[in-house]
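> Here it is: the structure, laid out below.
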Amino acid sequence: MKKHIKQCLIPLLFFGCIGTDVIDSEMVNESIVVAPDSGSLIIGDNLQLTGVYHNMFAIQEEVELTWIVADDNIVTIDAQGLVMAINSGQTIVNAIFGNTMSNDVLITVVQNTNDIASVAITPPSSSNLLPGETLQLSANTFNVNDEELEGKEITWASSNAGVASIDNTGLLTAIIDGSAQITATSEGVQSQPITIEIGNASVSKTGTFSGASGYTAEGTATLKEDNGVITLDLSADFRTSFALGTFIYLSNSTSGSGTRSGGLELGEITSNGAKSFDVTSKNAATALDTYQYVIVLCKPASITFGSAELK
Amino acid sequence: MKKYILLSTLLVMSVSFSAIAGGGWTPKKKKGYFKFGQNILRSSKFYSPSGDIIDVNTISLYTTSIYGEYGLTDRLAAIVYAPLFVRNTINKQESRQTGMLISDGDMANAIGDLDLGIKYALIYDKSIALSASLTLGIPTGITNGGEGQILQTGDGEFNQLVKLEASKSFYPRPLYVSTLVGFNNRSEGFSEEFHFGVEVGYTFKDKLTTTFKVYNVSSLKNGEAPTSAGNAIFSNDTAYFSYGPEISYKLNNKIGVSGSAAYALSGERILAAPNYNLGVFITL
């Protein structure tokens with residue numbers, strides 16, 4: 001406070017203080033996340049689900065959620081999210097607010113502890129394959145107490161067999177570009193699906209820079225994923241206008257203020273030419289499709305020098 | 001840096017307006033005109049290099065200056081424009097929805113670039129007065145101010161502005177017209193500039209003078225100022241066409257007050273907001 005007074009008091013005789021620009025945060029999709037995302041119950045047991053809602057500005061809000069069950073012969077759920085197990089089987093539970101629906105919550109109800117209550121696919125070494133490549137998947141079965149039940153027969157299924165097929169041993173074969181969801185089933189109990197992406201498009205996105213408002217931005221940007229690490233590469237012919245404080249951002253907006261408020265700052269640049277940025281180290285939650293643009297931004301003034309739309 | 005461009009532009013505008021105020025006339029020997037002025041410019045809009053108006057963080061520039069013309073002889077005058085104190089700020093940014101701080105503000109306080117010049121009356125005893133002047137832009141300002149080292153009160157280059165100014169009085173009617181053309185030779189790889197201005201003034205009852213001014217700066221875009229990190233992106237190739245009124249009132253034979261505003265109707269690399277000036281002037 002003292003510092004602020006010192007900074008402003010004397011200059012205020014003739015001059016103003018530093019002001020404040022109030023800007024709108026970047027709008028995002030509303031979301032509801034329900035936890036836990038799966039559960040196993042014996043008939044008569046119950047499970048408390050909790051839903052967290054974030055509004056269009058990514059701000060968490062307390063709202064009254066509506067709970068729905070796909071098959072209410074298996075479980076019922078009350079207005080507070082308390083699940084009651086009625087009959088054996090599997091069903092999906094969701095929470096809804098307005099037009100926003102939560103993630104699927106897979107509920108399995110069994111009669112006793114000898115029954116298979118869950119099937120879990122072991123996370124594969126890679127979820128990105130090129131056409132022609134194969135991937136061996138495996139799964140384990142568990143009872144309601146999460147104790148493994150060995151020797152159970154497992155069947156496999158692909159949601160898109162034209163993109164990726166899978167045989168009864170869990171050997172997946174990539175066929176053409178696209179994505180497929182894989183599930184494992186044992187004694188009628190299905191696992192949570194895993195997603196397998198096929199093709200280069202699924203592991204990288206590329207965009208060509210164009211200048212904005214008379215500033216220069218040329219070259220290409222490539223956002224790629226390798227073993228779970230997202231990297232942004234700028235090409236050797238990358239050129240841009242420069243000011244003191246020129247930064248590279250990932251953003252869903254091409255405006256300067258939108259990029260400042262909602263984008264991911266990757267680093268400052270002071271020269272043209274090839275560059276590489278470790279995106280995952282900046283934000284581990286960033287995926288290939290999290291952001292639509294690569295932005296060259298004069299950060300101090302929030303001026304966009306150029307952008308590349310990632311496709 | 002944009003502040004810098006802003007500053008650069010403001011300085012040019014200030015000098016130009018003051019200079020054209022004298023027009024083709026020069027003060028007689030040991031006579032002069034001195035003005036203590038305060039400029040205020042705040043803007044969240046910016047003319048981009050393509051001439052579009054784009055949003056920027058709000059930038060404020062407050063310049064306290066002294067301008068003077070003093071007659072060394074009946075034909076030769078010395079000119080000085082001294083921006084004694086320049087305060088340059090950039091606003092902080094907060095989210096409307098969350099109230100969270102998005103970016104800090106910054107500020108720099110320093111002297112600006114000094115202009116020193118001489119003006120020589122080529123024709124001074126006719127109904128039309130004509131003078132030639134040379135103004136040297138001395139890079140006394142800073143180019144790396146503020147915590148972020150990005151705020152500037154000068155462009156860091158030495159320039160030489162040569163002007164021809166002509167004025168005509170329509171006496172006995174209290175009306176005058178002044179025009180000028182100028183060429184600004186800039187160093188450090190900055191582009192040269194062509195200046196043009198017109199001013200029309202009318203005086204009521206020997207006390208109140210109203211003027212309307214237009215001023216144009218065109219860049220020849222022949223500079224090679226570095227495109228790597230630096231201030232050239234904002235201060236080089238600046239251009240604008242501005243207009244605005246000025247009112248001055250003589251409190252007595254020696255002292256008066258003035259107020260003016262100027263706005264860039266079009267421009268490149270310049271803030272898109274009115275530049276206001278208040279001043280107290282003394283005539284010798």
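Letters A, B, ... mark the chains of the structure tokens in the order given; residue numbers begin at 1 per chain; ligand numbers begin at 1, in order shown.
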Sorted by chain and rising residue number, which residues of chain A lie within 9 Å of chain B, and what are their closest atom pairs and distances in Å to one decimal, counting only C-alpha atoms, as JSON lines?

```
{"residue": "A:Pro11", "atom": "CA", "partner": "B:Arg87", "partner_atom": "CA", "distance": 8.2}
{"residue": "A:Phe14", "atom": "CA", "partner": "B:Tyr62", "partner_atom": "CA", "distance": 8.1}
{"residue": "A:Phe15", "atom": "CA", "partner": "B:Tyr62", "partner_atom": "CA", "distance": 6.1}
{"residue": "A:Gly16", "atom": "CA", "partner": "B:Tyr62", "partner_atom": "CA", "distance": 8.0}
{"residue": "A:Cys17", "atom": "CA", "partner": "B:Thr89", "partner_atom": "CA", "distance": 7.8}
{"residue": "A:Ile18", "atom": "CA", "partner": "B:Asn91", "partner_atom": "CA", "distance": 5.4}
{"residue": "A:Gly19", "atom": "CA", "partner": "B:Asn91", "partner_atom": "CA", "distance": 4.8}
{"residue": "A:Thr20", "atom": "CA", "partner": "B:Lys92", "partner_atom": "CA", "distance": 4.9}
{"residue": "A:Asp21", "atom": "CA", "partner": "B:Gln93", "partner_atom": "CA", "distance": 4.7}
{"residue": "A:Val22", "atom": "CA", "partner": "B:Glu94", "partner_atom": "CA", "distance": 5.0}
{"residue": "A:Ile23", "atom": "CA", "partner": "B:Ser95", "partner_atom": "CA", "distance": 5.2}
{"residue": "A:Asp24", "atom": "CA", "partner": "B:Arg96", "partner_atom": "CA", "distance": 5.2}
{"residue": "A:Ser25", "atom": "CA", "partner": "B:Ser95", "partner_atom": "CA", "distance": 5.6}
{"residue": "A:Phe57", "atom": "CA", "partner": "B:Gln97", "partner_atom": "CA", "distance": 7.1}
{"residue": "A:Ile59", "atom": "CA", "partner": "B:Thr98", "partner_atom": "CA", "distance": 7.4}
{"residue": "A:Ala212", "atom": "CA", "partner": "B:Ser50", "partner_atom": "CA", "distance": 8.7}
{"residue": "A:Ser213", "atom": "CA", "partner": "B:Ser50", "partner_atom": "CA", "distance": 5.3}
{"residue": "A:Gly214", "atom": "CA", "partner": "B:Ser50", "partner_atom": "CA", "distance": 4.4}
{"residue": "A:Tyr215", "atom": "CA", "partner": "B:Pro49", "partner_atom": "CA", "distance": 6.6}
{"residue": "A:Thr240", "atom": "CA", "partner": "B:Thr227", "partner_atom": "CA", "distance": 8.3}
{"residue": "A:Ser241", "atom": "CA", "partner": "B:Thr227", "partner_atom": "CA", "distance": 6.2}
{"residue": "A:Phe242", "atom": "CA", "partner": "B:Ala229", "partner_atom": "CA", "distance": 4.9}
{"residue": "A:Ala243", "atom": "CA", "partner": "B:Ala229", "partner_atom": "CA", "distance": 4.9}
{"residue": "A:Leu244", "atom": "CA", "partner": "B:Ala229", "partner_atom": "CA", "distance": 5.3}
{"residue": "A:Gly245", "atom": "CA", "partner": "B:Ile150", "partner_atom": "CA", "distance": 7.6}
{"residue": "A:Thr246", "atom": "CA", "partner": "B:Ala229", "partner_atom": "CA", "distance": 7.8}
{"residue": "A:Ser255", "atom": "CA", "partner": "B:Asp55", "partner_atom": "CA", "distance": 8.4}
{"residue": "A:Gly256", "atom": "CA", "partner": "B:Val56", "partner_atom": "CA", "distance": 7.4}
{"residue": "A:Ser257", "atom": "CA", "partner": "B:Val56", "partner_atom": "CA", "distance": 7.6}
{"residue": "A:Arg260", "atom": "CA", "partner": "B:Ile102", "partner_atom": "CA", "distance": 7.1}
{"residue": "A:Ser261", "atom": "CA", "partner": "B:Ile102", "partner_atom": "CA", "distance": 6.0}
{"residue": "A:Ile269", "atom": "CA", "partner": "B:Ala229", "partner_atom": "CA", "distance": 8.6}
{"residue": "A:Thr270", "atom": "CA", "partner": "B:Ala229", "partner_atom": "CA", "distance": 5.6}
{"residue": "A:Ser271", "atom": "CA", "partner": "B:Ser228", "partner_atom": "CA", "distance": 6.2}
{"residue": "A:Asn272", "atom": "CA", "partner": "B:Ser228", "partner_atom": "CA", "distance": 8.0}
{"residue": "A:Pro300", "atom": "CA", "partner": "B:Asn57", "partner_atom": "CA", "distance": 7.7}
{"residue": "A:Ala301", "atom": "CA", "partner": "B:Asn57", "partner_atom": "CA", "distance": 5.2}
{"residue": "A:Ser302", "atom": "CA", "partner": "B:Val56", "partner_atom": "CA", "distance": 5.6}
{"residue": "A:Ile303", "atom": "CA", "partner": "B:Val56", "partner_atom": "CA", "distance": 6.1}
```
> Output N, CA and C atoms for every residue in the selection just made, as a CSV table (one decimal), in the first residue's frame.

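What ended up in selection28.csv:
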```
chain,number,residue,atom,x,y,z
A,11,PRO,N,3.2,11.8,-8.4
A,11,PRO,CA,2.8,12.0,-9.8
A,11,PRO,C,1.4,12.4,-10.0
A,14,PHE,N,0.2,15.9,-11.2
A,14,PHE,CA,0.0,16.2,-12.6
A,14,PHE,C,-0.5,15.0,-13.4
A,15,PHE,N,-0.3,13.8,-12.9
A,15,PHE,CA,-0.4,12.6,-13.7
A,15,PHE,C,-1.3,11.6,-13.0
A,16,GLY,N,-1.7,10.6,-13.8
A,16,GLY,CA,-2.6,9.6,-13.3
A,16,GLY,C,-1.8,8.3,-12.8
A,17,CYS,N,-2.6,7.5,-12.0
A,17,CYS,CA,-2.0,6.2,-11.6
A,17,CYS,C,-2.2,5.2,-12.8
A,18,ILE,N,-1.7,4.0,-12.5
A,18,ILE,CA,-1.9,2.9,-13.4
A,18,ILE,C,-3.3,2.5,-13.3
A,19,GLY,N,-4.1,2.4,-14.3
A,19,GLY,CA,-5.5,2.0,-14.3
A,19,GLY,C,-5.7,0.5,-14.4
A,20,THR,N,-6.9,0.2,-14.5
A,20,THR,CA,-7.3,-1.3,-14.7
A,20,THR,C,-8.2,-1.4,-15.9
A,21,ASP,N,-7.8,-2.3,-16.7
A,21,ASP,CA,-8.7,-2.8,-17.8
A,21,ASP,C,-9.4,-4.0,-17.4
A,22,VAL,N,-10.8,-4.0,-17.4
A,22,VAL,CA,-11.6,-5.1,-17.1
A,22,VAL,C,-12.0,-5.8,-18.3
A,23,ILE,N,-11.6,-7.1,-18.5
A,23,ILE,CA,-11.9,-7.7,-19.8
A,23,ILE,C,-12.6,-9.0,-19.5
A,24,ASP,N,-13.4,-9.5,-20.4
A,24,ASP,CA,-14.2,-10.7,-20.3
A,24,ASP,C,-13.2,-11.9,-20.4
A,25,SER,N,-13.4,-12.9,-19.5
A,25,SER,CA,-12.7,-14.1,-19.6
A,25,SER,C,-13.1,-14.9,-20.8
A,57,PHE,N,-17.5,-19.5,-18.0
A,57,PHE,CA,-16.3,-18.8,-17.8
A,57,PHE,C,-15.3,-19.7,-16.9
A,59,ILE,N,-15.9,-21.0,-14.1
A,59,ILE,CA,-16.0,-20.7,-12.7
A,59,ILE,C,-16.9,-21.8,-12.1
A,212,ALA,N,-1.4,-10.4,-38.7
A,212,ALA,CA,-2.6,-9.7,-38.4
A,212,ALA,C,-2.4,-8.2,-38.4
A,213,SER,N,-3.4,-7.5,-38.9
A,213,SER,CA,-3.4,-6.1,-38.9
A,213,SER,C,-2.1,-5.4,-39.4
A,214,GLY,N,-1.5,-6.0,-40.4
A,214,GLY,CA,-0.3,-5.4,-41.0
A,214,GLY,C,1.0,-5.9,-40.4
A,215,TYR,N,0.9,-6.7,-39.4
A,215,TYR,CA,2.1,-7.3,-38.8
A,215,TYR,C,2.5,-8.6,-39.6
A,240,THR,N,8.5,-13.4,-37.9
A,240,THR,CA,7.4,-12.6,-37.3
A,240,THR,C,7.9,-11.2,-37.1
A,241,SER,N,6.9,-10.3,-36.9
A,241,SER,CA,7.2,-9.0,-36.3
A,241,SER,C,7.7,-9.1,-34.9
A,242,PHE,N,8.5,-8.2,-34.4
A,242,PHE,CA,9.0,-8.3,-33.1
A,242,PHE,C,8.8,-7.0,-32.3
A,243,ALA,N,8.5,-7.2,-31.1
A,243,ALA,CA,8.6,-6.1,-30.1
A,243,ALA,C,9.3,-6.6,-28.9
A,244,LEU,N,9.6,-5.7,-28.0
A,244,LEU,CA,10.1,-6.2,-26.7
A,244,LEU,C,8.9,-6.9,-26.0
A,245,GLY,N,9.0,-8.2,-25.7
A,245,GLY,CA,7.9,-8.9,-25.1
A,245,GLY,C,7.1,-9.6,-26.1
A,246,THR,N,7.7,-10.3,-27.1
A,246,THR,CA,6.9,-11.1,-28.1
A,246,THR,C,6.9,-12.5,-27.6
A,255,SER,N,-7.8,-12.8,-30.7
A,255,SER,CA,-7.7,-11.4,-30.1
A,255,SER,C,-6.6,-11.4,-29.1
A,256,GLY,N,-6.0,-10.2,-28.9
A,256,GLY,CA,-4.9,-10.1,-27.9
A,256,GLY,C,-5.4,-10.3,-26.5
A,257,SER,N,-6.5,-9.7,-26.2
A,257,SER,CA,-7.0,-9.8,-24.8
A,257,SER,C,-7.5,-11.2,-24.5
A,260,ARG,N,-4.5,-13.3,-23.9
A,260,ARG,CA,-3.9,-13.1,-22.6
A,260,ARG,C,-4.7,-13.7,-21.5
A,261,SER,N,-6.1,-13.6,-21.6
A,261,SER,CA,-6.9,-14.1,-20.5
A,261,SER,C,-7.1,-15.6,-20.5
A,269,ILE,N,10.0,-15.1,-27.5
A,269,ILE,CA,10.9,-15.3,-28.6
A,269,ILE,C,11.5,-14.0,-28.9
A,270,THR,N,12.8,-14.1,-29.4
A,270,THR,CA,13.5,-12.9,-29.7
A,270,THR,C,14.2,-13.0,-31.1
A,271,SER,N,13.9,-14.1,-31.8
A,271,SER,CA,14.5,-14.3,-33.1
A,271,SER,C,13.6,-15.1,-34.0
A,272,ASN,N,13.8,-15.1,-35.3
A,272,ASN,CA,13.1,-15.9,-36.2
A,272,ASN,C,13.7,-17.3,-36.2
A,300,PRO,N,3.0,-7.2,-23.7
A,300,PRO,CA,2.8,-6.0,-22.9
A,300,PRO,C,1.6,-5.2,-23.4
A,301,ALA,N,1.3,-5.2,-24.7
A,301,ALA,CA,0.2,-4.4,-25.2
A,301,ALA,C,-0.9,-5.2,-25.7
A,302,SER,N,-0.8,-6.6,-25.6
A,302,SER,CA,-1.9,-7.5,-26.0
A,302,SER,C,-2.2,-7.3,-27.5
A,303,ILE,N,-1.2,-7.2,-28.3
A,303,ILE,CA,-1.4,-7.1,-29.7
A,303,ILE,C,-1.0,-8.4,-30.4
```
> Quick one: everything within 10 Å of Phe190 (chain B), counting only C-alpha atoms, minus sequence neighbours fewer than 2 positions away in the same chain. Send it as an MDAnalysis selection string.
chainID B and resid 155 157:159 185:188 192:193 219:226 232 235:238
> Quick one: residues within 7 Å of Gly267 (chain B), only C-alpha atoms counted, chain neighbours fewer than 3 positions away excluded, as a ChimeraX atom specification?
/B:47,51,239-241,264,270
> Give me the residues within 9 Å of Asn184 (chain B) as an NGL selection string, counting only C-alpha atoms and dropping any in the same chain fewer than 3 places off.
:B and (135 or 159-163 or 191-195)
> Work out how far apart CA of Ser186 (chain A) and CA of Ile77 (chain A) are and give it in Å to one decimal.
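Calculated distance between CA of Ser186 (chain A) and CA of Ile77 (chain A) is 25.8 Å.
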> What separation in Å, quoted to one decimal, exists between CA of Asn55 (chain A) and CA of Ala284 (chain A)?
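These atoms are spaced 22.0 Å apart.
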> When you look at Asn99 (chain A) with a cut-off of 12 Å (counting only C-alpha atoms), what residues show up, excluding the ones that are within fewer than 6 positions of it in the same chain? I need them as a ChimeraX atom specification.
/A:29-32,55,65-66
> Report the residues of region 9-247 of chain A whose backbone DSSP state falls under strand (DSSP E), written as JSON, numbers by chain.
{"A": [20, 21, 22, 23, 31, 32, 33, 34, 35, 38, 39, 40, 41, 42, 46, 47, 48, 50, 51, 52, 53, 54, 60, 61, 66, 67, 68, 69, 75, 76, 77, 82, 83, 84, 85, 89, 90, 91, 92, 93, 94, 95, 96, 97, 100, 101, 105, 106, 107, 108, 109, 110, 118, 119, 120, 121, 128, 129, 134, 135, 136, 139, 140, 141, 142, 155, 156, 157, 158, 164, 165, 166, 171, 172, 173, 174, 178, 179, 180, 181, 182, 183, 184, 185, 186, 189, 190, 194, 195, 196, 197, 198, 204, 205, 206, 207, 208, 209, 210, 211, 217, 218, 220, 221, 222, 223, 224, 225, 226, 229, 230, 231, 232, 233, 234, 239, 240, 246, 247]}
> Record the distance separating CA of Pro274 (chain B) and CA of Phe196 (chain B), expressed in Å with one decimal.
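According to the coordinates, CA of Pro274 (chain B) and CA of Phe196 (chain B) are separated by 19.4 Å.
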> Need to verify the contact set: Ala221 (chain A), 7 Å, only C-alpha atoms, exclusion of same-chain residues closer than 4 positions in sequence. Can you return it as a list of chain:residue names?
A:Thr206, A:Gly207, A:Thr208, A:Leu232, A:Asp233, A:Leu234, A:Ser235, A:Ala308
> Tell me, as a list in words, which residues lie within 8 Å of Val34 (chain A), counting only C-alpha atoms; anything in the same chain fewer than 6 positions away does not count.
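These residues fall inside the cut-off: Leu49, Thr50, Gly51, Val52, Asn94, Ala95, Ser102, Asn103 and Val105 of chain A.
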> Can I get the selected residues back with N, CA, C and O atoms, as an mmCIF file, in the first residue's frame?

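Below is the file again_0.cif, written as the result:
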```cif
data_model
loop_
_atom_site.group_PDB
_atom_site.id
_atom_site.type_symbol
_atom_site.label_atom_id
_atom_site.label_comp_id
_atom_site.auth_asym_id
_atom_site.auth_seq_id
_atom_site.Cartn_x
_atom_site.Cartn_y
_atom_site.Cartn_z
ATOM 1 N N LEU A 49 -22.672 -40.105 -5.126
ATOM 2 C CA LEU A 49 -21.998 -39.436 -6.246
ATOM 3 C C LEU A 49 -22.000 -37.928 -6.009
ATOM 4 O O LEU A 49 -22.930 -37.378 -5.421
ATOM 5 N N THR A 50 -20.947 -37.286 -6.487
ATOM 6 C CA THR A 50 -20.819 -35.832 -6.335
ATOM 7 C C THR A 50 -20.557 -35.197 -7.697
ATOM 8 O O THR A 50 -19.665 -35.647 -8.431
ATOM 9 N N GLY A 51 -21.332 -34.184 -8.021
ATOM 10 C CA GLY A 51 -21.132 -33.497 -9.299
ATOM 11 C C GLY A 51 -20.638 -32.066 -9.087
ATOM 12 O O GLY A 51 -21.109 -31.370 -8.192
ATOM 13 N N VAL A 52 -19.655 -31.666 -9.893
ATOM 14 C CA VAL A 52 -19.112 -30.303 -9.819
ATOM 15 C C VAL A 52 -19.371 -29.617 -11.159
ATOM 16 O O VAL A 52 -18.966 -30.118 -12.211
ATOM 17 N N ASN A 94 -25.937 -40.212 -15.007
ATOM 18 C CA ASN A 94 -25.435 -38.875 -15.391
ATOM 19 C C ASN A 94 -26.083 -37.808 -14.524
ATOM 20 O O ASN A 94 -27.159 -38.016 -13.975
ATOM 21 N N ALA A 95 -25.406 -36.663 -14.458
ATOM 22 C CA ALA A 95 -25.984 -35.466 -13.849
ATOM 23 C C ALA A 95 -26.204 -34.440 -14.956
ATOM 24 O O ALA A 95 -25.401 -34.344 -15.898
ATOM 25 N N SER A 102 -23.145 -34.506 -17.634
ATOM 26 C CA SER A 102 -21.870 -34.916 -17.040
ATOM 27 C C SER A 102 -21.249 -36.077 -17.810
ATOM 28 O O SER A 102 -21.835 -36.619 -18.761
ATOM 29 N N ASN A 103 -20.123 -36.496 -17.340
ATOM 30 C CA ASN A 103 -19.493 -37.726 -17.795
ATOM 31 C C ASN A 103 -20.373 -38.919 -17.419
ATOM 32 O O ASN A 103 -21.203 -38.832 -16.514
ATOM 33 N N VAL A 105 -21.159 -42.267 -15.651
ATOM 34 C CA VAL A 105 -20.712 -43.000 -14.463
ATOM 35 C C VAL A 105 -21.231 -44.433 -14.606
ATOM 36 O O VAL A 105 -22.442 -44.659 -14.657
#
```
> Run DSSP on the backbone and tell me which residues of region 21-233 of chain B come out as helix (DSSP H, G or I); list them as a PyMOL selection string.
chain B and resi 21-22+232-233
